[in-house]
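Taking it in order: structure first as structure tokens, then the write-up.
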Amino acid sequence: ATLCSRERHLMRHREAEDALARNNRYVREAVEALNLCPYAARARREGTSARRVLFGRLEEVPQASLLGILRDMEREGGPEVVQLIFPDETDDPRDWERRAKSGLVALHEALGRSVAGVAALHPRARFKATSPRAMVPLFRRSPDPTLQWISLAALERVREGRPHGEVLLPSDPAEAR
């Protein structure tokens, strides 16, 4: 039997609620409780972060929708961090990271300016405990494949007075393996 449009909509709505519940639990019980990100709790409390559940693959999301999210990040009072949660994604962590970076580059080109940085989070991110750099993927795990966009303005405020460039984050995902 085929599902009618209303039933499909309700099913997707429940799937979105489930994805947000998984993400919320992870953020509170792991990220905030273990202080993996010293900014997470404050961003949640102050409303400077947002989450969106998107179905399908990253390339299937209309570019106009993603550009709208980036523009929203630029406006005064807009979110500084946006997590785009993709419960349907099945790529391995390396491909997900590659697609996350190339997708944001394409969006920046379409927008004509750079707005955000990206961290590709994945439930199967592999890490090694051989060095701080090799452990970064451990902190890039999440219940569902997720893109975390961070506004460049927020990154500048965080980095104020610190060296610029990639201090801990490898530019090539293979460097972390």
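Each chain in the structure tokens gets a letter, A, B, ..., in the order shown, and its residues are numbered from 1; ligands are numbered from 1 in order too.
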Mind dumping a table of every range 100-142 of chain A residue within 12 Å of range 62-83 of chain A, with the nearest atom pair and its distance in Å to one decimal, using only C-alpha atoms, sorted by chain and rising number, as JSON lines?
```
{"residue": "A:Gly103", "atom": "CA", "partner": "A:Gln63", "partner_atom": "CA", "distance": 9.7}
{"residue": "A:Leu104", "atom": "CA", "partner": "A:Leu66", "partner_atom": "CA", "distance": 9.3}
{"residue": "A:Val105", "atom": "CA", "partner": "A:Leu67", "partner_atom": "CA", "distance": 11.7}
{"residue": "A:Ala106", "atom": "CA", "partner": "A:Gln63", "partner_atom": "CA", "distance": 9.4}
{"residue": "A:Leu107", "atom": "CA", "partner": "A:Leu67", "partner_atom": "CA", "distance": 6.6}
{"residue": "A:His108", "atom": "CA", "partner": "A:Leu67", "partner_atom": "CA", "distance": 8.5}
{"residue": "A:Glu109", "atom": "CA", "partner": "A:Leu67", "partner_atom": "CA", "distance": 10.6}
{"residue": "A:Ala110", "atom": "CA", "partner": "A:Leu67", "partner_atom": "CA", "distance": 8.2}
{"residue": "A:Leu111", "atom": "CA", "partner": "A:Leu67", "partner_atom": "CA", "distance": 7.2}
{"residue": "A:Gly112", "atom": "CA", "partner": "A:Leu67", "partner_atom": "CA", "distance": 10.9}
{"residue": "A:Arg113", "atom": "CA", "partner": "A:Leu70", "partner_atom": "CA", "distance": 10.5}
{"residue": "A:Ser114", "atom": "CA", "partner": "A:Leu70", "partner_atom": "CA", "distance": 9.3}
{"residue": "A:Val115", "atom": "CA", "partner": "A:Leu70", "partner_atom": "CA", "distance": 6.6}
{"residue": "A:Ala116", "atom": "CA", "partner": "A:Leu70", "partner_atom": "CA", "distance": 7.5}
{"residue": "A:Gly117", "atom": "CA", "partner": "A:Val81", "partner_atom": "CA", "distance": 9.6}
{"residue": "A:Val118", "atom": "CA", "partner": "A:Val82", "partner_atom": "CA", "distance": 9.6}
{"residue": "A:Ala119", "atom": "CA", "partner": "A:Gln83", "partner_atom": "CA", "distance": 9.4}
{"residue": "A:Ala120", "atom": "CA", "partner": "A:Gln83", "partner_atom": "CA", "distance": 9.7}
{"residue": "A:Leu121", "atom": "CA", "partner": "A:Gln83", "partner_atom": "CA", "distance": 9.4}
{"residue": "A:Ser142", "atom": "CA", "partner": "A:Gln83", "partner_atom": "CA", "distance": 10.7}
```
Inset, instruction - Check the DSSP output for the backbone and give back, as JSON, numbers by chain, the residues of range 18-83 of chain A in strand (DSSP E). - result: {"A": [49, 50, 51, 52, 53, 81, 82, 83]}
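Close contacts of Arg124 in chain A, defined as residues with an atom at most 8 Å away when counting only C-alpha atoms, with chain neighbours fewer than 2 positions off set aside, comprise Asp92, Pro93, His122, Arg126 and Arg141 of chain A.
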Could the residues in this selection be written to a file with N, CA, C and O atoms, as a PDB file, in the first residue's frame?
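Below you can see part11.pdb, which holds the result:
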```pdb
ATOM      1  N   ASP A  92      30.444   7.342   3.762  1.00  0.00           N
ATOM      2  CA  ASP A  92      31.412   7.139   4.833  1.00  0.00           C
ATOM      3  C   ASP A  92      31.933   8.507   5.272  1.00  0.00           C
ATOM      4  O   ASP A  92      31.727   9.504   4.581  1.00  0.00           O
ATOM      5  N   PRO A  93      32.578   8.574   6.430  1.00  0.00           N
ATOM      6  CA  PRO A  93      33.007   9.872   6.977  1.00  0.00           C
ATOM      7  C   PRO A  93      33.912  10.685   6.045  1.00  0.00           C
ATOM      8  O   PRO A  93      33.780  11.905   5.970  1.00  0.00           O
ATOM      9  N   HIS A 122      30.040  13.055  11.880  1.00  0.00           N
ATOM     10  CA  HIS A 122      29.569  11.770  11.357  1.00  0.00           C
ATOM     11  C   HIS A 122      29.594  10.725  12.467  1.00  0.00           C
ATOM     12  O   HIS A 122      30.531  10.693  13.274  1.00  0.00           O
ATOM     13  N   ARG A 126      36.337   8.188  12.149  1.00  0.00           N
ATOM     14  CA  ARG A 126      37.442   7.371  12.678  1.00  0.00           C
ATOM     15  C   ARG A 126      38.559   8.272  13.205  1.00  0.00           C
ATOM     16  O   ARG A 126      38.879   9.281  12.609  1.00  0.00           O
ATOM     17  N   ARG A 141      32.098  13.449  16.010  1.00  0.00           N
ATOM     18  CA  ARG A 141      31.066  12.415  15.915  1.00  0.00           C
ATOM     19  C   ARG A 141      29.721  13.038  16.248  1.00  0.00           C
ATOM     20  O   ARG A 141      29.634  14.019  16.977  1.00  0.00           O
TER      21      ARG A 141
END
```
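CA of Glu59 in chain A sits 12.4 Å away from CA of Lys101 in chain A.
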Inset, instruction - Rank nothing, just name the residue among A:Pro123, A:Pro87, A:Pro143, A:Arg159 nearest to Glu15 in chain A, using only C-alpha atoms. - result: A:Pro87
Inset, instruction - With a distance cut-off of 9 Å and only C-alpha atoms, select the neighbouring residues of Leu84 in chain A, excluding the residue or stretch itself and same-chain residues fewer than 6 positions from it, and output the selection as a PyMOL selection string. - result: chain A and resi 50-54+145-149
How would the residues just chosen look if you wrote them out with N, CA, C and O atoms as an mmCIF file, in the first residue's frame?
```cif
data_model
loop_
_atom_site.group_PDB
_atom_site.id
_atom_site.type_symbol
_atom_site.label_atom_id
_atom_site.label_comp_id
_atom_site.auth_asym_id
_atom_site.auth_seq_id
_atom_site.Cartn_x
_atom_site.Cartn_y
_atom_site.Cartn_z
ATOM 1 N N ALA A 50 21.291 27.117 15.747
ATOM 2 C CA ALA A 50 20.053 26.601 15.172
ATOM 3 C C ALA A 50 20.329 25.219 14.595
ATOM 4 O O ALA A 50 21.480 24.879 14.279
ATOM 5 N N ARG A 51 19.279 24.430 14.481
ATOM 6 C CA ARG A 51 19.400 23.099 13.879
ATOM 7 C C ARG A 51 18.288 22.936 12.846
ATOM 8 O O ARG A 51 17.178 23.410 13.041
ATOM 9 N N ARG A 52 18.637 22.259 11.769
ATOM 10 C CA ARG A 52 17.661 21.942 10.727
ATOM 11 C C ARG A 52 17.857 20.477 10.345
ATOM 12 O O ARG A 52 18.990 20.032 10.205
ATOM 13 N N VAL A 53 16.772 19.763 10.179
ATOM 14 C CA VAL A 53 16.833 18.393 9.680
ATOM 15 C C VAL A 53 16.490 18.445 8.205
ATOM 16 O O VAL A 53 15.453 19.001 7.818
ATOM 17 N N LEU A 54 17.380 17.912 7.388
ATOM 18 C CA LEU A 54 17.189 17.896 5.940
ATOM 19 C C LEU A 54 17.221 16.446 5.472
ATOM 20 O O LEU A 54 18.120 15.691 5.846
ATOM 21 N N PRO A 145 24.836 11.992 10.295
ATOM 22 C CA PRO A 145 25.717 12.892 9.554
ATOM 23 C C PRO A 145 25.183 14.324 9.652
ATOM 24 O O PRO A 145 23.992 14.576 9.448
ATOM 25 N N THR A 146 26.072 15.227 10.011
ATOM 26 C CA THR A 146 25.674 16.610 10.280
ATOM 27 C C THR A 146 26.731 17.563 9.745
ATOM 28 O O THR A 146 27.932 17.299 9.865
ATOM 29 N N LEU A 147 26.274 18.656 9.163
ATOM 30 C CA LEU A 147 27.171 19.751 8.805
ATOM 31 C C LEU A 147 26.994 20.823 9.860
ATOM 32 O O LEU A 147 25.873 21.232 10.155
ATOM 33 N N GLN A 148 28.085 21.241 10.435
ATOM 34 C CA GLN A 148 28.029 22.342 11.394
ATOM 35 C C GLN A 148 28.667 23.547 10.735
ATOM 36 O O GLN A 148 29.870 23.568 10.503
ATOM 37 N N TRP A 149 27.832 24.517 10.397
ATOM 38 C CA TRP A 149 28.320 25.762 9.814
ATOM 39 C C TRP A 149 28.528 26.756 10.935
ATOM 40 O O TRP A 149 27.659 26.953 11.774
#
```
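Residue neighbourhood of Ala16 in chain A, excluding near-sequence residues (fewer than 2 positions): Leu10, Met11, Arg12, His13, Arg14, Asp18, Ala19, Leu20, Ala21, Arg22, Arg52, Val53, Leu54, Phe55, Ile85, Phe86 and Pro87 of chain A, at 10 Å, using only C-alpha atoms.
Relative to CA of Trp96 in chain A, CA of Met135 in chain A is found at 17.6 Å.
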Inset, instruction - Could you give me the residues within chain A that DSSP places in helix (DSSP H, G or I), as a ChimeraX atom specification? - result: /A:5-32,40-46,58-60,63-74,93-111,133-140,152-159,173-176
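Proximity of A:Ala125, A:Cys4, A:Ala43, A:Ala134 to Ala154 in chain A, computed with only C-alpha atoms, is greatest for A:Ala43.
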Inset, instruction - Work out how far CA of Phe127 in chain A is from CA of Gly56 in chain A, in Å to one decimal. - result: 26.5 Å
